[in-house]
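The next block is target23.cif, given as mmCIF, C-alpha atoms.
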```
data_upload
#
loop_
_atom_site.label_atom_id
_atom_site.label_comp_id
_atom_site.auth_asym_id
_atom_site.auth_seq_id
_atom_site.Cartn_x
_atom_site.Cartn_y
_atom_site.Cartn_z
CA MET A 1 131.07 67.85 113.88
CA GLN A 2 134.38 66.40 115.08
CA VAL A 3 137.54 68.47 115.60
CA ARG A 4 141.03 66.99 115.95
CA SER A 5 144.52 68.50 116.02
CA ASP A 6 147.77 67.68 114.22
CA VAL A 7 146.33 65.04 111.89
CA PRO A 8 148.75 64.28 109.01
CA LEU A 9 147.34 65.41 105.66
CA ALA A 10 149.08 62.39 104.14
CA GLU A 11 146.36 60.25 105.74
CA LEU A 12 143.67 62.17 103.84
CA THR A 13 145.08 61.95 100.30
CA THR A 14 145.71 59.19 97.77
CA LEU A 15 149.24 60.51 97.11
CA ALA A 16 149.98 60.10 100.84
CA VAL A 17 152.08 63.25 101.21
CA GLY A 18 151.56 66.26 103.45
CA GLY A 19 152.29 67.46 106.97
CA PRO A 20 149.94 68.01 109.91
CA ALA A 21 146.67 69.93 109.87
CA GLU A 22 146.46 72.37 112.76
CA ARG A 23 142.71 71.67 113.07
CA LEU A 24 140.89 68.91 111.23
CA VAL A 25 137.13 69.50 111.22
CA GLU A 26 135.01 66.59 109.96
CA VAL A 27 131.47 67.54 108.90
CA GLU A 28 128.58 65.21 108.11
CA THR A 29 125.84 67.59 106.93
CA ALA A 30 125.67 70.56 104.57
CA ALA A 31 124.71 72.78 107.50
CA GLU A 32 127.81 71.67 109.42
CA LEU A 33 129.91 72.31 106.32
CA VAL A 34 128.65 75.87 105.97
CA ALA A 35 129.07 76.47 109.71
CA ALA A 36 132.66 75.19 109.65
CA VAL A 37 133.57 77.41 106.71
CA ARG A 38 131.95 80.47 108.27
CA ASP A 39 133.69 79.78 111.57
CA ALA A 40 137.11 79.65 109.90
CA ASP A 41 136.43 82.77 107.84
CA GLU A 42 135.17 84.80 110.79
CA ALA A 43 138.16 83.76 112.89
CA GLY A 44 140.58 84.53 110.06
CA ARG A 45 141.98 80.99 110.00
CA PRO A 46 143.29 79.64 106.65
CA LEU A 47 140.83 77.10 105.23
CA LEU A 48 141.45 73.96 103.19
CA LEU A 49 138.59 71.72 102.04
CA VAL A 50 139.25 68.01 101.53
CA GLY A 51 136.85 65.50 99.99
CA GLY A 52 138.26 62.20 98.79
CA GLY A 53 141.79 63.62 98.67
CA SER A 54 142.41 62.15 95.21
CA ASN A 55 143.23 65.45 93.49
CA LEU A 56 145.33 67.09 96.20
CA ILE A 57 149.06 67.50 96.71
CA ALA A 58 149.14 68.46 100.37
CA PRO A 59 152.04 70.67 101.51
CA ASP A 60 154.89 69.11 103.48
CA GLU A 61 154.68 71.85 106.08
CA GLY A 62 151.07 70.98 106.79
CA TRP A 63 148.21 73.47 107.07
CA PRO A 64 148.26 76.26 109.70
CA GLY A 65 144.52 76.58 110.03
CA ASP A 66 141.35 74.57 109.45
CA VAL A 67 141.15 71.53 107.19
CA VAL A 68 137.49 70.72 106.67
CA ALA A 69 136.92 67.08 105.68
CA VAL A 70 133.63 66.84 103.80
CA ARG A 71 131.84 63.65 104.91
CA THR A 72 128.29 64.64 103.91
CA ARG A 73 126.10 61.87 102.53
CA GLY A 74 122.78 61.57 100.72
CA ILE A 75 121.29 60.84 97.29
CA GLU A 76 117.79 62.11 96.51
CA ARG A 77 115.97 61.07 93.33
CA SER A 78 113.22 63.00 91.56
CA GLY A 79 112.33 61.36 88.26
CA ASP A 80 115.51 61.16 86.22
CA ARG A 81 117.34 63.67 88.44
CA LEU A 82 119.63 62.97 91.37
CA THR A 83 120.68 65.54 93.95
CA VAL A 84 123.83 64.29 95.63
CA GLN A 85 125.61 65.59 98.72
CA ALA A 86 129.17 66.78 98.14
CA GLY A 87 130.78 64.12 100.33
CA GLU A 88 129.27 61.13 98.54
CA ASP A 89 131.89 58.81 97.09
CA TRP A 90 131.93 59.36 93.34
CA ASP A 91 132.37 55.77 92.19
CA GLY A 92 129.73 54.66 94.68
CA LEU A 93 127.38 57.15 93.03
CA VAL A 94 128.19 55.81 89.56
CA ALA A 95 127.51 52.26 90.76
CA HIS A 96 124.20 53.50 92.19
CA THR A 97 123.15 55.02 88.85
CA VAL A 98 123.99 51.85 86.94
CA ALA A 99 121.99 49.73 89.41
CA ALA A 100 119.11 52.20 89.13
CA ARG A 101 119.26 52.00 85.30
CA LEU A 102 120.16 55.66 84.82
CA ALA A 103 122.60 56.49 82.03
CA GLY A 104 125.08 59.35 81.79
CA MET A 105 127.85 58.55 84.30
CA GLU A 106 128.75 54.98 83.44
CA ALA A 107 131.99 55.84 81.60
CA LEU A 108 133.15 57.76 84.69
CA SER A 109 133.38 54.58 86.75
CA GLY A 110 136.41 54.00 88.93
CA ILE A 111 137.36 57.65 89.38
CA PRO A 112 138.34 58.20 93.03
CA GLY A 113 137.19 61.15 95.09
CA SER A 114 133.98 62.82 96.17
CA THR A 115 131.00 64.07 94.18
CA GLY A 116 131.51 67.69 95.24
CA ALA A 117 134.90 67.82 93.53
CA THR A 118 133.61 66.68 90.14
CA PRO A 119 132.12 70.00 88.93
CA VAL A 120 135.24 71.88 90.02
CA GLN A 121 137.48 69.87 87.69
CA ASN A 122 134.69 69.06 85.23
CA VAL A 123 135.81 65.48 85.70
CA GLY A 124 135.80 63.40 82.55
CA ALA A 125 137.01 60.11 81.10
CA TYR A 126 136.28 57.70 78.27
CA GLY A 127 134.14 60.15 76.32
CA GLN A 128 132.00 61.49 79.15
CA GLU A 129 132.33 64.47 81.49
CA VAL A 130 130.14 65.65 84.34
CA ALA A 131 129.20 68.88 82.57
CA GLN A 132 127.04 66.76 80.25
CA THR A 133 124.72 65.80 83.11
CA ILE A 134 124.93 68.57 85.73
CA THR A 135 121.86 70.81 85.99
CA ALA A 136 122.75 72.69 89.19
CA VAL A 137 125.53 73.06 91.74
CA ARG A 138 124.48 74.34 95.15
CA VAL A 139 127.29 76.23 96.81
CA TYR A 140 128.17 78.42 99.74
CA ASP A 141 129.61 81.62 98.27
CA ARG A 142 132.31 82.81 100.68
CA ALA A 143 132.54 86.21 98.98
CA GLU A 144 128.80 86.92 99.32
CA LYS A 145 128.44 84.88 102.54
CA THR A 146 125.35 83.16 101.22
CA GLU A 147 124.13 79.89 99.76
CA ARG A 148 123.18 79.89 96.09
CA SER A 149 122.52 77.55 93.19
CA LEU A 150 124.70 77.83 90.09
CA ALA A 151 123.21 76.86 86.72
CA PRO A 152 125.52 75.12 84.22
CA ALA A 153 126.10 78.38 82.33
CA GLU A 154 127.21 80.05 85.57
CA CYS A 155 129.66 77.21 86.21
CA GLY A 156 131.63 78.04 83.05
CA PHE A 157 132.50 74.45 82.27
CA ALA A 158 135.42 73.78 79.91
CA TYR A 159 137.86 70.91 79.40
CA ARG A 160 138.94 69.87 82.94
CA ASP A 161 137.98 73.34 84.11
CA SER A 162 135.18 75.47 85.52
CA ARG A 163 134.47 78.81 87.13
CA LEU A 164 134.67 77.05 90.49
CA LYS A 165 138.27 76.15 89.69
CA ARG A 166 139.12 79.55 88.19
CA GLU A 167 137.90 81.35 91.34
CA PRO A 168 139.74 79.17 93.87
CA GLY A 169 138.47 79.27 97.41
CA ARG A 170 135.29 81.22 96.70
CA PHE A 171 132.70 78.48 96.23
CA VAL A 172 132.13 75.56 98.61
CA VAL A 173 130.12 72.84 96.87
CA LEU A 174 127.24 71.59 99.02
CA ASP A 175 125.42 69.32 96.56
CA VAL A 176 125.17 68.63 92.85
CA THR A 177 122.09 67.82 90.75
CA PHE A 178 122.42 65.56 87.71
CA ALA A 179 119.92 64.80 84.92
CA LEU A 180 120.29 61.23 83.64
CA ASP A 181 118.60 59.02 81.04
CA PRO A 182 116.40 56.17 82.32
CA GLY A 183 116.93 52.85 80.55
CA GLU A 184 119.09 49.76 80.28
CA LEU A 185 121.55 51.20 77.75
CA SER A 186 124.37 53.69 78.13
CA ARG A 187 124.68 56.98 76.38
CA PRO A 188 126.46 56.63 73.01
CA VAL A 189 129.98 55.34 73.54
CA GLY A 190 132.33 58.12 72.49
CA TYR A 191 135.80 56.73 73.14
CA ALA A 192 137.56 54.38 70.74
CA GLU A 193 139.37 52.25 73.33
CA LEU A 194 136.14 51.69 75.25
CA ALA A 195 134.18 50.93 72.09
CA ARG A 196 136.73 48.29 71.12
CA ARG A 197 136.56 46.68 74.56
CA LEU A 198 132.75 46.56 74.33
CA GLY A 199 132.70 45.38 70.71
CA VAL A 200 130.54 48.28 69.51
CA GLU A 201 130.99 51.12 67.07
CA ILE A 202 131.67 54.62 68.32
CA GLY A 203 128.32 56.33 68.76
CA GLN A 204 126.46 53.15 69.70
CA PRO A 205 125.13 52.45 73.21
CA ALA A 206 125.84 49.34 75.24
CA PRO A 207 124.32 47.81 78.39
CA LEU A 208 125.08 50.02 81.38
CA ALA A 209 126.59 47.27 83.50
CA GLU A 210 128.86 46.19 80.65
CA VAL A 211 130.12 49.74 80.16
CA ARG A 212 130.90 50.08 83.84
CA ALA A 213 132.70 46.73 83.93
CA ALA A 214 134.71 47.58 80.82
CA VAL A 215 135.77 50.98 82.17
CA LEU A 216 136.80 49.48 85.51
CA ALA A 217 138.86 46.83 83.72
CA LEU A 218 140.58 49.45 81.56
CA ARG A 219 141.32 51.68 84.54
CA ARG A 220 142.62 48.79 86.67
CA GLY A 221 144.94 47.84 83.85
CA LYS A 222 146.44 51.32 84.10
CA GLY A 223 146.57 51.38 87.91
CA MET A 224 143.84 54.05 87.91
CA VAL A 225 141.44 52.43 90.38
CA TRP A 226 142.26 53.28 93.99
CA ASP A 227 143.45 50.22 95.90
CA PRO A 228 145.57 50.60 99.05
CA ALA A 229 147.29 47.31 98.18
CA ASP A 230 148.27 48.51 94.67
CA PRO A 231 151.30 50.86 94.68
CA ASP A 232 150.45 52.01 91.16
CA SER A 233 147.17 53.47 92.43
CA ARG A 234 148.98 55.68 94.96
CA SER A 235 148.53 58.64 92.69
CA ALA A 236 146.17 61.46 91.73
CA GLY A 237 145.17 59.69 88.53
CA SER A 238 146.26 61.55 85.41
CA PHE A 239 148.77 64.12 86.66
CA PHE A 240 148.70 66.27 83.50
CA THR A 241 145.79 67.30 81.29
CA ASN A 242 145.91 66.71 77.55
CA PRO A 243 147.21 70.00 76.12
CA ILE A 244 145.12 71.88 73.57
CA VAL A 245 147.16 73.66 70.88
CA PRO A 246 146.55 75.22 67.46
CA ALA A 247 146.42 72.54 64.79
CA ALA A 248 149.53 74.04 63.19
CA ARG A 249 151.47 73.19 66.34
CA ALA A 250 150.48 69.51 66.42
CA VAL A 251 153.42 67.24 67.26
CA GLU A 252 154.37 64.74 64.57
CA GLY A 253 153.48 61.22 65.68
CA CYS A 254 151.53 62.33 68.73
CA PRO A 255 147.89 61.17 68.81
CA SER A 256 145.51 64.11 68.61
CA TRP A 257 141.80 64.87 68.49
CA PRO A 258 139.85 67.89 67.18
CA ALA A 259 139.23 70.45 69.94
CA GLY A 260 137.26 73.06 68.00
CA ASP A 261 138.23 76.52 66.68
CA GLY A 262 141.13 75.13 64.69
CA ALA A 263 142.74 73.50 67.73
CA VAL A 264 143.68 69.93 68.57
CA LYS A 265 144.02 68.06 71.85
CA LEU A 266 147.32 66.19 72.17
CA SER A 267 147.98 63.03 74.16
CA ALA A 268 149.80 64.05 77.31
CA ALA A 269 150.73 60.41 77.94
CA TRP A 270 152.50 60.21 74.56
CA LEU A 271 154.37 63.45 75.22
CA VAL A 272 155.52 62.26 78.65
CA GLN A 273 156.64 58.88 77.32
CA HIS A 274 158.50 60.33 74.34
CA ALA A 275 160.20 62.91 76.52
CA GLY A 276 161.93 60.04 78.30
CA PHE A 277 159.57 59.43 81.21
CA GLY A 278 158.05 56.09 80.27
CA ARG A 279 156.24 53.77 82.63
CA GLY A 280 158.19 52.96 85.76
CA THR A 281 160.61 55.89 85.54
CA ARG A 282 161.70 56.58 89.13
CA ASP A 283 163.55 59.42 90.82
CA GLY A 284 164.03 58.42 94.43
CA ARG A 285 160.63 57.86 96.04
CA VAL A 286 158.54 59.31 93.21
CA GLY A 287 158.07 58.65 89.51
CA THR A 288 155.70 57.39 86.85
CA SER A 289 153.41 54.45 87.43
CA SER A 290 154.67 51.12 86.10
CA ARG A 291 151.40 50.84 84.17
CA HIS A 292 150.69 54.37 82.94
CA SER A 293 153.16 57.18 82.35
CA LEU A 294 150.54 59.87 82.97
CA ALA A 295 150.13 58.84 86.62
CA LEU A 296 152.83 59.97 89.03
CA THR A 297 153.13 57.78 92.11
CA THR A 298 154.76 58.05 95.51
CA GLU A 299 156.45 55.58 97.83
CA ASP A 300 156.58 55.53 101.63
CA GLY A 301 158.39 58.60 102.92
CA ALA A 302 157.95 60.63 99.75
CA THR A 303 157.36 64.36 100.07
CA ALA A 304 155.29 66.84 98.11
CA ALA A 305 158.51 68.68 97.26
CA GLU A 306 159.97 65.55 95.66
CA LEU A 307 156.82 64.93 93.68
CA LEU A 308 156.57 68.51 92.41
CA ALA A 309 160.27 68.55 91.51
CA PHE A 310 159.85 65.40 89.43
CA ALA A 311 156.73 66.82 87.78
CA GLY A 312 158.68 69.99 87.01
CA LYS A 313 161.35 67.93 85.23
CA VAL A 314 158.66 66.30 83.10
CA VAL A 315 157.11 69.65 82.18
CA ALA A 316 160.47 71.23 81.35
CA THR A 317 161.60 68.29 79.22
CA VAL A 318 158.32 68.09 77.26
CA GLU A 319 158.48 71.84 76.62
CA GLU A 320 162.10 71.67 75.50
CA LYS A 321 161.57 68.69 73.22
CA PHE A 322 158.14 69.42 71.77
CA GLY A 323 157.40 73.08 72.50
CA VAL A 324 154.26 72.11 74.41
CA THR A 325 153.49 73.10 78.00
CA LEU A 326 151.80 70.53 80.21
CA ASP A 327 149.37 71.70 82.89
CA ARG A 328 149.15 69.92 86.21
CA GLU A 329 145.73 68.47 87.10
CA PRO A 330 145.95 67.96 90.91
CA THR A 331 145.84 71.08 93.04
CA VAL A 332 148.48 72.45 95.41
CA PRO A 333 146.82 74.55 98.13
CA GLU A 334 148.27 77.97 98.82
CA LEU A 335 147.74 80.13 101.88
CA SER A 336 147.13 83.16 99.68
CA ARG A 337 143.97 81.45 98.42
CA ARG A 338 141.42 81.84 101.19
#
```
Encoding of this model in structure tokens:
Amino acid sequence: MQVRSDVPLAELTTLAVGGPAERLVEVETAAELVAAVRDADEAGRPLLLVGGGSNLIAPDEGWPGDVVAVRTRGIERSGDRLTVQAGEDWDGLVAHTVAARLAGMEALSGIPGSTGATPVQNVGAYGQEVAQTITAVRVYDRAEKTERSLAPAECGFAYRDSRLKREPGRFVVLDVTFALDPGELSRPVGYAELARRLGVEIGQPAPLAEVRAAVLALRRGKGMVWDPADPDSRSAGSFFTNPIVPAARAVEGCPSWPAGDGAVKLSAAWLVQHAGFGRGTRDGRVGTSSRHSLALTTEDGATAAELLAFAGKVVATVEEKFGVTLDREPTVPELSRR
């Protein structure tokens, strides 16, 4: 366990904003992770957990307490199941499953961040989401001061949401277990853009390696694969989730998909673009990516305040023009959340 002082949070996030951490604690095992969390809680120091930093808008004033950087590693296989430590790089894990001929994650290629963050957001893309493969999430419960394993039903997965997200600060993910499908072919392709790229019909499988390559190509074309040399990837990926509204409130011309119970999911990217924030819209040192209007990017010297102000303009304009409220996907830590 390594402890350092006054480390800029901007160095730990893909958006590259954020002031200094009073104490940065880097942990390499699940036991160290639990010990670091307990130590902060017992001392009454504010705690912020950081994995890959790809879904975090760090505060400009920094963090007056402990920032625990989760660097735990390890992938254990038992049959078609993988138990993965929270700090494992997510895209590295997806590459591992494709090489091992295990299907279920291939469409989630290229997503930055750590494995432990994926059940919190119920990360998804191109027709797949992690809730489809997760069988257990082992956590440290800060309220009960104990380790426990959460079954999928206890996780309360929903679109880009989970109980872990709805009870912020309570659960510290230690490892995640996934059940995958052995074989050379992917799970049925469920996303039209990906199906077209692969030359298959929706609902058909494709070779795992081809699916991964196609997804990476699509994401790179949108600046959604993290690359320090690519300014369009200096983002948190999709900044807003696709809003779900009653079918009667669908926006004319906006692409939509059935969301169950008489609701539809609208394209947040379309709403942002048609509200006047197309690709490459800038406001000082922040703005939309030049390749995808749903990604907000930062330039050198940008602040979290600037980014959130720009995002607020987008939300207000979309609401005024279309009567739809966009929800932010990346998190903004608050001291009131232990």
Could you list, as a compact mmCIF listing (two decimals) with C-alpha atoms, keeping the file's coordinate frame, every residue matched by the PyMOL selection byres ((chain A and resi 161) around 7) in this structure?
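Full text of result.txt as output:
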```
# COMPACT_ATOMS: atom_id res chain seq x y z
CA VAL A 120 135.24 71.88 90.02
CA GLN A 121 137.48 69.87 87.69
CA ASN A 122 134.69 69.06 85.23
CA PHE A 157 132.50 74.45 82.27
CA ALA A 158 135.42 73.78 79.91
CA TYR A 159 137.86 70.91 79.40
CA ARG A 160 138.94 69.87 82.94
CA SER A 162 135.18 75.47 85.52
CA LYS A 165 138.27 76.15 89.69
```
Interatomic distance, CA of Ala247 in chain A to CA of Glu319 in chain A (Å, one decimal):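 Separation between CA of Ala247 in chain A and CA of Glu319 in chain A: 16.9 Å.
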Residues matched by the PyMOL selection byres ((chain A and resi 301-317) around 10), written as a PyMOL selection string: chain A and resi 10+15-19+57-61+239-240+271-277+282-288+296-300+318-328+332
Output C-alpha atoms for every residue in the selection just made, as a PDB file, in the coordinates of the input.
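Output file out.pdb follows:
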```
ATOM      1  CA  ALA A  10     149.080  62.390 104.140  1.00  0.00           C
ATOM      2  CA  LEU A  15     149.240  60.510  97.110  1.00  0.00           C
ATOM      3  CA  ALA A  16     149.980  60.100 100.840  1.00  0.00           C
ATOM      4  CA  VAL A  17     152.080  63.250 101.210  1.00  0.00           C
ATOM      5  CA  GLY A  18     151.560  66.260 103.450  1.00  0.00           C
ATOM      6  CA  GLY A  19     152.290  67.460 106.970  1.00  0.00           C
ATOM      7  CA  ILE A  57     149.060  67.500  96.710  1.00  0.00           C
ATOM      8  CA  ALA A  58     149.140  68.460 100.370  1.00  0.00           C
ATOM      9  CA  PRO A  59     152.040  70.670 101.510  1.00  0.00           C
ATOM     10  CA  ASP A  60     154.890  69.110 103.480  1.00  0.00           C
ATOM     11  CA  GLU A  61     154.680  71.850 106.080  1.00  0.00           C
ATOM     12  CA  PHE A 239     148.770  64.120  86.660  1.00  0.00           C
ATOM     13  CA  PHE A 240     148.700  66.270  83.500  1.00  0.00           C
ATOM     14  CA  LEU A 271     154.370  63.450  75.220  1.00  0.00           C
ATOM     15  CA  VAL A 272     155.520  62.260  78.650  1.00  0.00           C
ATOM     16  CA  GLN A 273     156.640  58.880  77.320  1.00  0.00           C
ATOM     17  CA  HIS A 274     158.500  60.330  74.340  1.00  0.00           C
ATOM     18  CA  ALA A 275     160.200  62.910  76.520  1.00  0.00           C
ATOM     19  CA  GLY A 276     161.930  60.040  78.300  1.00  0.00           C
ATOM     20  CA  PHE A 277     159.570  59.430  81.210  1.00  0.00           C
ATOM     21  CA  ARG A 282     161.700  56.580  89.130  1.00  0.00           C
ATOM     22  CA  ASP A 283     163.550  59.420  90.820  1.00  0.00           C
ATOM     23  CA  GLY A 284     164.030  58.420  94.430  1.00  0.00           C
ATOM     24  CA  ARG A 285     160.630  57.860  96.040  1.00  0.00           C
ATOM     25  CA  VAL A 286     158.540  59.310  93.210  1.00  0.00           C
ATOM     26  CA  GLY A 287     158.070  58.650  89.510  1.00  0.00           C
ATOM     27  CA  THR A 288     155.700  57.390  86.850  1.00  0.00           C
ATOM     28  CA  LEU A 296     152.830  59.970  89.030  1.00  0.00           C
ATOM     29  CA  THR A 297     153.130  57.780  92.110  1.00  0.00           C
ATOM     30  CA  THR A 298     154.760  58.050  95.510  1.00  0.00           C
ATOM     31  CA  GLU A 299     156.450  55.580  97.830  1.00  0.00           C
ATOM     32  CA  ASP A 300     156.580  55.530 101.630  1.00  0.00           C
ATOM     33  CA  VAL A 318     158.320  68.090  77.260  1.00  0.00           C
ATOM     34  CA  GLU A 319     158.480  71.840  76.620  1.00  0.00           C
ATOM     35  CA  GLU A 320     162.100  71.670  75.500  1.00  0.00           C
ATOM     36  CA  LYS A 321     161.570  68.690  73.220  1.00  0.00           C
ATOM     37  CA  PHE A 322     158.140  69.420  71.770  1.00  0.00           C
ATOM     38  CA  GLY A 323     157.400  73.080  72.500  1.00  0.00           C
ATOM     39  CA  VAL A 324     154.260  72.110  74.410  1.00  0.00           C
ATOM     40  CA  THR A 325     153.490  73.100  78.000  1.00  0.00           C
ATOM     41  CA  LEU A 326     151.800  70.530  80.210  1.00  0.00           C
ATOM     42  CA  ASP A 327     149.370  71.700  82.890  1.00  0.00           C
ATOM     43  CA  ARG A 328     149.150  69.920  86.210  1.00  0.00           C
ATOM     44  CA  VAL A 332     148.480  72.450  95.410  1.00  0.00           C
TER      45      VAL A 332
END
```
Which of A:Thr177, A:Ser238, A:Ser149, A:Ser267 sits closest to Cys254 in chain A [using all atoms listed in the file]: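 When distances to Cys254 in chain A are compared using all atoms listed in the file, the smallest one comes from A:Ser267.
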Given the PyMOL selection byres ((chain A and resi 210) around 10), the residues it picks as a list in words: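 When the PyMOL selection byres ((chain A and resi 210) around 10) is applied, the selected residues are Val98, Glu106, Leu185, Ser186, Arg197, Leu198, Ala206, Pro207, Leu208, Ala209, Val211, Arg212, Ala213, Ala214, Val215 and Leu216 of chain A.
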Separation of CA of Val67 in chain A from CA of Glu144 in chain A in Å: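 It comes out at 21.2 Å.
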All residues 12 Å or closer to Ala35 in chain A, all atoms listed in the file, same chain fewer than 4 positions away omitted, as a list in words: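 Result of the neighbour search: Met1, Val25, Glu26, Val27, Glu28, Thr29, Ala30, Ala31, Asp39, Ala40, Asp41, Glu42, Val68, Tyr140, Arg142, Lys145, Thr146, Glu147, Val172 and Leu174 of chain A.
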Okay, now the selection with C-alpha atoms, as a compact mmCIF listing (two decimals), in the coordinates of the input?
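Wrote it out as again_34.txt, contents follow:
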```txt
# COMPACT_ATOMS: atom_id res chain seq x y z
CA MET A 1 131.07 67.85 113.88
CA VAL A 25 137.13 69.50 111.22
CA GLU A 26 135.01 66.59 109.96
CA VAL A 27 131.47 67.54 108.90
CA GLU A 28 128.58 65.21 108.11
CA THR A 29 125.84 67.59 106.93
CA ALA A 30 125.67 70.56 104.57
CA ALA A 31 124.71 72.78 107.50
CA ASP A 39 133.69 79.78 111.57
CA ALA A 40 137.11 79.65 109.90
CA ASP A 41 136.43 82.77 107.84
CA GLU A 42 135.17 84.80 110.79
CA VAL A 68 137.49 70.72 106.67
CA TYR A 140 128.17 78.42 99.74
CA ARG A 142 132.31 82.81 100.68
CA LYS A 145 128.44 84.88 102.54
CA THR A 146 125.35 83.16 101.22
CA GLU A 147 124.13 79.89 99.76
CA VAL A 172 132.13 75.56 98.61
CA LEU A 174 127.24 71.59 99.02
```
Restricted to N, CA, C and O atoms, what does range 263-276 of chain A look like when written out as an mmCIF file, in the first residue's frame?
```cif
data_model
loop_
_atom_site.group_PDB
_atom_site.id
_atom_site.type_symbol
_atom_site.label_atom_id
_atom_site.label_comp_id
_atom_site.auth_asym_id
_atom_site.auth_seq_id
_atom_site.Cartn_x
_atom_site.Cartn_y
_atom_site.Cartn_z
ATOM 1 N N ALA A 263 -42.949 2.709 -22.836
ATOM 2 C CA ALA A 263 -41.945 3.775 -22.888
ATOM 3 C C ALA A 263 -41.024 3.571 -24.079
ATOM 4 O O ALA A 263 -40.947 2.474 -24.658
ATOM 5 N N VAL A 264 -40.313 4.632 -24.439
ATOM 6 C CA VAL A 264 -39.311 4.554 -25.504
ATOM 7 C C VAL A 264 -38.029 5.197 -25.009
ATOM 8 O O VAL A 264 -38.037 6.083 -24.142
ATOM 9 N N LYS A 265 -36.914 4.734 -25.559
ATOM 10 C CA LYS A 265 -35.603 5.306 -25.266
ATOM 11 C C LYS A 265 -35.231 6.216 -26.437
ATOM 12 O O LYS A 265 -35.231 5.787 -27.591
ATOM 13 N N LEU A 266 -34.945 7.471 -26.142
ATOM 14 C CA LEU A 266 -34.595 8.444 -27.171
ATOM 15 C C LEU A 266 -33.086 8.557 -27.324
ATOM 16 O O LEU A 266 -32.331 8.294 -26.386
ATOM 17 N N SER A 267 -32.656 8.976 -28.500
ATOM 18 C CA SER A 267 -31.235 9.182 -28.760
ATOM 19 C C SER A 267 -30.776 10.497 -28.144
ATOM 20 O O SER A 267 -31.154 11.582 -28.609
ATOM 21 N N ALA A 268 -29.964 10.398 -27.109
ATOM 22 C CA ALA A 268 -29.428 11.610 -26.487
ATOM 23 C C ALA A 268 -28.542 12.381 -27.468
ATOM 24 O O ALA A 268 -28.533 13.618 -27.466
ATOM 25 N N ALA A 269 -27.804 11.656 -28.302
ATOM 26 C CA ALA A 269 -26.928 12.326 -29.270
ATOM 27 C C ALA A 269 -27.742 13.199 -30.221
ATOM 28 O O ALA A 269 -27.358 14.339 -30.522
ATOM 29 N N TRP A 270 -28.869 12.678 -30.701
ATOM 30 C CA TRP A 270 -29.732 13.452 -31.605
ATOM 31 C C TRP A 270 -30.249 14.693 -30.899
ATOM 32 O O TRP A 270 -30.264 15.789 -31.466
ATOM 33 N N LEU A 271 -30.693 14.534 -29.656
ATOM 34 C CA LEU A 271 -31.233 15.669 -28.913
ATOM 35 C C LEU A 271 -30.171 16.750 -28.713
ATOM 36 O O LEU A 271 -30.447 17.942 -28.869
ATOM 37 N N VAL A 272 -28.958 16.337 -28.378
ATOM 38 C CA VAL A 272 -27.874 17.300 -28.176
ATOM 39 C C VAL A 272 -27.563 18.035 -29.477
ATOM 40 O O VAL A 272 -27.451 19.268 -29.510
ATOM 41 N N GLN A 273 -27.445 17.279 -30.556
ATOM 42 C CA GLN A 273 -27.130 17.881 -31.857
ATOM 43 C C GLN A 273 -28.209 18.879 -32.275
ATOM 44 O O GLN A 273 -27.908 20.004 -32.706
ATOM 45 N N HIS A 274 -29.470 18.469 -32.157
ATOM 46 C CA HIS A 274 -30.568 19.310 -32.641
ATOM 47 C C HIS A 274 -30.934 20.424 -31.673
ATOM 48 O O HIS A 274 -31.784 21.262 -31.986
ATOM 49 N N ALA A 275 -30.282 20.432 -30.515
ATOM 50 C CA ALA A 275 -30.436 21.574 -29.608
ATOM 51 C C ALA A 275 -29.372 22.625 -29.886
ATOM 52 O O ALA A 275 -29.323 23.652 -29.203
ATOM 53 N N GLY A 276 -28.516 22.364 -30.874
ATOM 54 C CA GLY A 276 -27.511 23.348 -31.260
ATOM 55 C C GLY A 276 -26.112 23.073 -30.757
ATOM 56 O O GLY A 276 -25.244 23.942 -30.840
#
```
